[in-house]
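The structure appears right after this line, and notes come after that.
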Amino acid sequence: MVENNQKIVTVGVTGASGAILAQKILSLLDADSRIAKIHLVVTETGQRIFSEELAIPGGAPNQFVERLIGHASAKIQVLPNKDVGASIASGSYPVDAMVVIPCSVGTLAKIAAGTCDDLVARSADVMLKEGRKLTLCLRDTPFSRIHLENMLRAQQAGAVIMPAIPSFYHAPKTIDDLVTQYVCRVLAQMGLPQNEMFRWTGSAAAKEAKA
C-alpha cells in the first residue's frame, strides 16, 4: 500500500554508456523513505552495459537487483522491456516521475517521435501525455543536428533534457563524487532533493564583495 506522501517512480536504463549512473540513482531511491515503489526497465543493450561496465550479468530479477545495489530490495520491481502491457504503460497508473538514465540517442529518438515499441519508450510517452515529470539523461557526444532536434522536440513536449555532464565546483576527489553530484541534481529535478547534493552558496570572493 502506498502512503499519500510516498512516490512511485520509473527508472529506464538504455544502452548508452554510464551504467554507474543508473546504479547510483537506484541506490539513492531505494534508501529514500519518500519512495514507495521503483519500476526498473532495462533495455537489451542496457543490460549489456551493466555487464560490460559493472560486471553485473542478467539473471533472475531479485538476483540482478541484489548484485546491482548490494542487497535485496522490496521497493524495486524489474519489468521486461518488451512488456508494453505493464502497469506503467497506462496513464491510469500513478507514476509520479520517470528518469531514463543513461538515455541513448536511439531511445531519445523514439520518445521524440512518440514511437512506443518497447516499455521504456511507451512509459516515457505516458509521462508526457499525462503531464508528469520525465527526465532524460543523455550520454553521448558530440550531438548531431538530429540529436539536437530530437532533444528540442522532447523538451517542448515536457521532458527535462539533462545530459550526463559532470560538475567541478564542488571540488570532486573521486569518480563517485562526480557521479553522486550529477545524480543528486537529477533527483532534485524529479522533486526528490538529496542531502548528499552539494549546493552552491557563492564564492568567497563574491561574499567578500557583497560584505
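We label chains A, B, ... in the order they appear in the C-alpha cells, count residues from 1 in each chain, and number ligands from 1 in the order shown.
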
Counting only C-alpha atoms, which residues of range 55-124 of chain A fall within 10 Å of range 144-165 of chain A, and what is the closest atom pair for each with its distance in Å at one decimal, ordered by chain and rising number, as CSV?
```
residue,atom,partner,partner_atom,distance
A:Met98,CA,A:Ala159,CA,9.8
A:Val99,CA,A:Val160,CA,9.3
A:Ile101,CA,A:Ala164,CA,8.7
A:Pro102,CA,A:Ala164,CA,7.8
A:Cys103,CA,A:Pro163,CA,8.7
A:Val105,CA,A:His147,CA,6.6
A:Gly106,CA,A:His147,CA,9.0
A:Leu108,CA,A:Asn150,CA,6.7
A:Ala109,CA,A:Asn150,CA,5.9
A:Lys110,CA,A:Asn150,CA,9.0
A:Ile111,CA,A:Ala154,CA,6.9
A:Ala112,CA,A:Ala154,CA,4.9
A:Ala113,CA,A:Asn150,CA,8.0
A:Gly114,CA,A:Ala154,CA,9.4
A:Ala124,CA,A:Ala159,CA,9.0
```

Could you write out that same residue set with C-alpha atoms as a PDB file, in the first residue's frame?
```pdb
ATOM      1  CA  MET A  98      10.376   8.850 -14.571  1.00  0.00           C
ATOM      2  CA  VAL A  99      14.031   9.082 -15.472  1.00  0.00           C
ATOM      3  CA  ILE A 101      19.481   7.109 -17.172  1.00  0.00           C
ATOM      4  CA  PRO A 102      21.578   6.752 -19.184  1.00  0.00           C
ATOM      5  CA  CYS A 103      19.422   7.648 -22.180  1.00  0.00           C
ATOM      6  CA  VAL A 105      20.087   8.867 -28.615  1.00  0.00           C
ATOM      7  CA  GLY A 106      18.110   5.982 -30.100  1.00  0.00           C
ATOM      8  CA  LEU A 108      15.565   9.791 -27.325  1.00  0.00           C
ATOM      9  CA  ALA A 109      14.500   9.488 -30.966  1.00  0.00           C
ATOM     10  CA  LYS A 110      11.717   7.066 -30.039  1.00  0.00           C
ATOM     11  CA  ILE A 111      10.436   9.359 -27.313  1.00  0.00           C
ATOM     12  CA  ALA A 112      10.628  12.455 -29.519  1.00  0.00           C
ATOM     13  CA  ALA A 113       8.720  10.671 -32.284  1.00  0.00           C
ATOM     14  CA  GLY A 114       6.170   9.009 -29.987  1.00  0.00           C
ATOM     15  CA  ALA A 124       8.037   7.829 -21.282  1.00  0.00           C
TER      16      ALA A 124
END
```

| said: List as a list of chain:residue names the protein and nucleic acid residues near Asn81 in chain A, meaning an atom at most 7 Å away when only C-alpha atoms are counted, but skip any in the same chain fewer than 4 places from it. | reply: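 Everything that qualifies: A:Val41, A:Val42, A:Thr43, A:Asp118, A:Leu119, A:Val120.
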
Store the residues of this selection in a file with N, CA and C atoms, as a compact mmCIF listing (two decimals), in the first residue's frame.
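Below is the file again_3.txt, written as the result:
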```txt
# COMPACT_ATOMS: atom_id res chain seq x y z
N VAL A 41 13.16 -0.67 -15.67
CA VAL A 41 13.07 -1.26 -17.01
C VAL A 41 14.42 -1.10 -17.69
N VAL A 42 15.02 -2.20 -18.07
CA VAL A 42 16.34 -2.19 -18.70
C VAL A 42 16.20 -2.74 -20.12
N THR A 43 16.67 -1.98 -21.10
CA THR A 43 16.63 -2.48 -22.47
C THR A 43 17.68 -3.57 -22.64
N ASP A 118 8.56 -0.27 -27.24
CA ASP A 118 9.06 -1.01 -26.08
C ASP A 118 8.58 -0.29 -24.82
N LEU A 119 8.82 -0.88 -23.66
CA LEU A 119 8.25 -0.34 -22.44
C LEU A 119 8.91 0.97 -22.00
N VAL A 120 10.21 1.12 -22.23
CA VAL A 120 10.86 2.39 -21.89
C VAL A 120 10.23 3.53 -22.67
```

| Nearest to Leu28 in chain A: which of A:Val100, A:Ala60, A:Ala89, A:Leu192 is it, counting only C-alpha atoms? |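 Looking only at the distances to Leu28 in chain A, the closest residue turns out to be A:Leu192.
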
| said: Between CA of Pro172 in chain A and CA of Trp200 in chain A, what is the distance in Å, rounded to a tenth? | reply: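 Computing the Euclidean distance for CA of Pro172 in chain A and CA of Trp200 in chain A yields 13.5 Å.
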
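CA of Lys7 in chain A sits 15.9 Å away from CA of Gly131 in chain A.
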
| request: Determine which residues of chain A DSSP labels as strand (DSSP E or B) from the backbone of this structure, then write them out as a ChimeraX atom specification. | output: /A:7-13,35-42,76-80,97-103,133-138,160-161

| request: Pick out each residue of chain A that DSSP on the backbone tags as helix (DSSP H, G or I); I need them as a VMD selection string. | output: chain A and resid 19 to 31 44 to 54 61 to 69 87 to 89 105 to 113 119 to 129 145 to 157 175 to 189 204 to 210

| query | So which one's closest to Leu29 in chain A, A:Gly15, A:Pro142, A:Ile8, A:Lys82? Using only C-alpha atoms, please. | reply |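 Among the listed residues, A:Ile8 lies closest to Leu29 in chain A.
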
| Residue nearest Gly70 in chain A among A:Ser27, A:Thr141, A:Ser104, A:Gln47 (counting only C-alpha atoms) | A:Ser27

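Of note, CA of Val65 in chain A and CA of Val78 in chain A are spaced 8.2 Å apart.
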
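In this comparison, which uses only C-alpha atoms, the residue of A:Arg132, A:Thr107, A:Asp32, A:Gln77 approaching Glu196 in chain A most closely is A:Asp32.
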
| said: Show me, as a list of chain:residue names, the residues that have an atom within 9 Å of Glu53 in chain A when counting only C-alpha atoms, minus same-chain residues fewer than 2 positions from it. | reply: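 Surrounding residues, per the criterion: A:Ser17, A:Gly18, A:Ala19, A:Ile20, A:Arg48, A:Ile49, A:Phe50, A:Ser51, A:Ala55, A:Ile56.
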
| said: My list of candidates is A:Val126, A:Ala121, A:Ile35, A:Ala171. Which is closest to Val13 in chain A when distances are computed with only C-alpha atoms? | reply: A:Ala121

| Close residues, Thr180 in chain A itself excluded, 9 Å, only C-alpha atoms, min 6 positions apart in chain, as a PyMOL selection string | chain A and resi 21+24-25+196-197

| request: Counting only C-alpha atoms, figure out which residue out of A:Ser73, A:Asn195, A:Thr14, A:Gln189 gets nearest to Thr135 in chain A. | output: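 Comparing A:Ser73, A:Asn195, A:Thr14, A:Gln189 against Thr135 in chain A, the winner is A:Gln189.
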
| Close residues, Leu26 in chain A itself excluded, 9 Å, only C-alpha atoms, min 3 positions apart in chain, as a list in words |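 Surrounding residues, per the criterion: Val11, Leu21, Ala22, Gln23, Leu29, Asp30, Ala31, Ile38, Leu40, Leu68, Ile69 and Ile76 of chain A.
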
| request: Skip Tyr169 in chain A itself and residues of its chain fewer than 6 positions away, then list as a PyMOL selection string all residues within 10 Å of it, counting only C-alpha atoms. | output: chain A and resi 198-200+203

For the residues in that selection, give me N, CA and C atoms as a PDB file, in the first residue's frame.
```
ATOM      1  N   PHE A 198      25.728  18.730  -3.160  1.00  0.00           N
ATOM      2  CA  PHE A 198      26.410  19.967  -2.838  1.00  0.00           C
ATOM      3  C   PHE A 198      25.601  21.123  -3.409  1.00  0.00           C
ATOM      4  N   ARG A 199      25.380  22.154  -2.594  1.00  0.00           N
ATOM      5  CA  ARG A 199      24.613  23.319  -3.034  1.00  0.00           C
ATOM      6  C   ARG A 199      25.508  24.555  -3.018  1.00  0.00           C
ATOM      7  N   TRP A 200      25.641  25.180  -4.155  1.00  0.00           N
ATOM      8  CA  TRP A 200      26.486  26.352  -4.288  1.00  0.00           C
ATOM      9  C   TRP A 200      25.875  27.521  -3.529  1.00  0.00           C
ATOM     10  N   SER A 203      30.821  32.180  -4.226  1.00  0.00           N
ATOM     11  CA  SER A 203      32.260  32.061  -3.995  1.00  0.00           C
ATOM     12  C   SER A 203      32.674  32.980  -2.856  1.00  0.00           C
TER      13      SER A 203
END
```
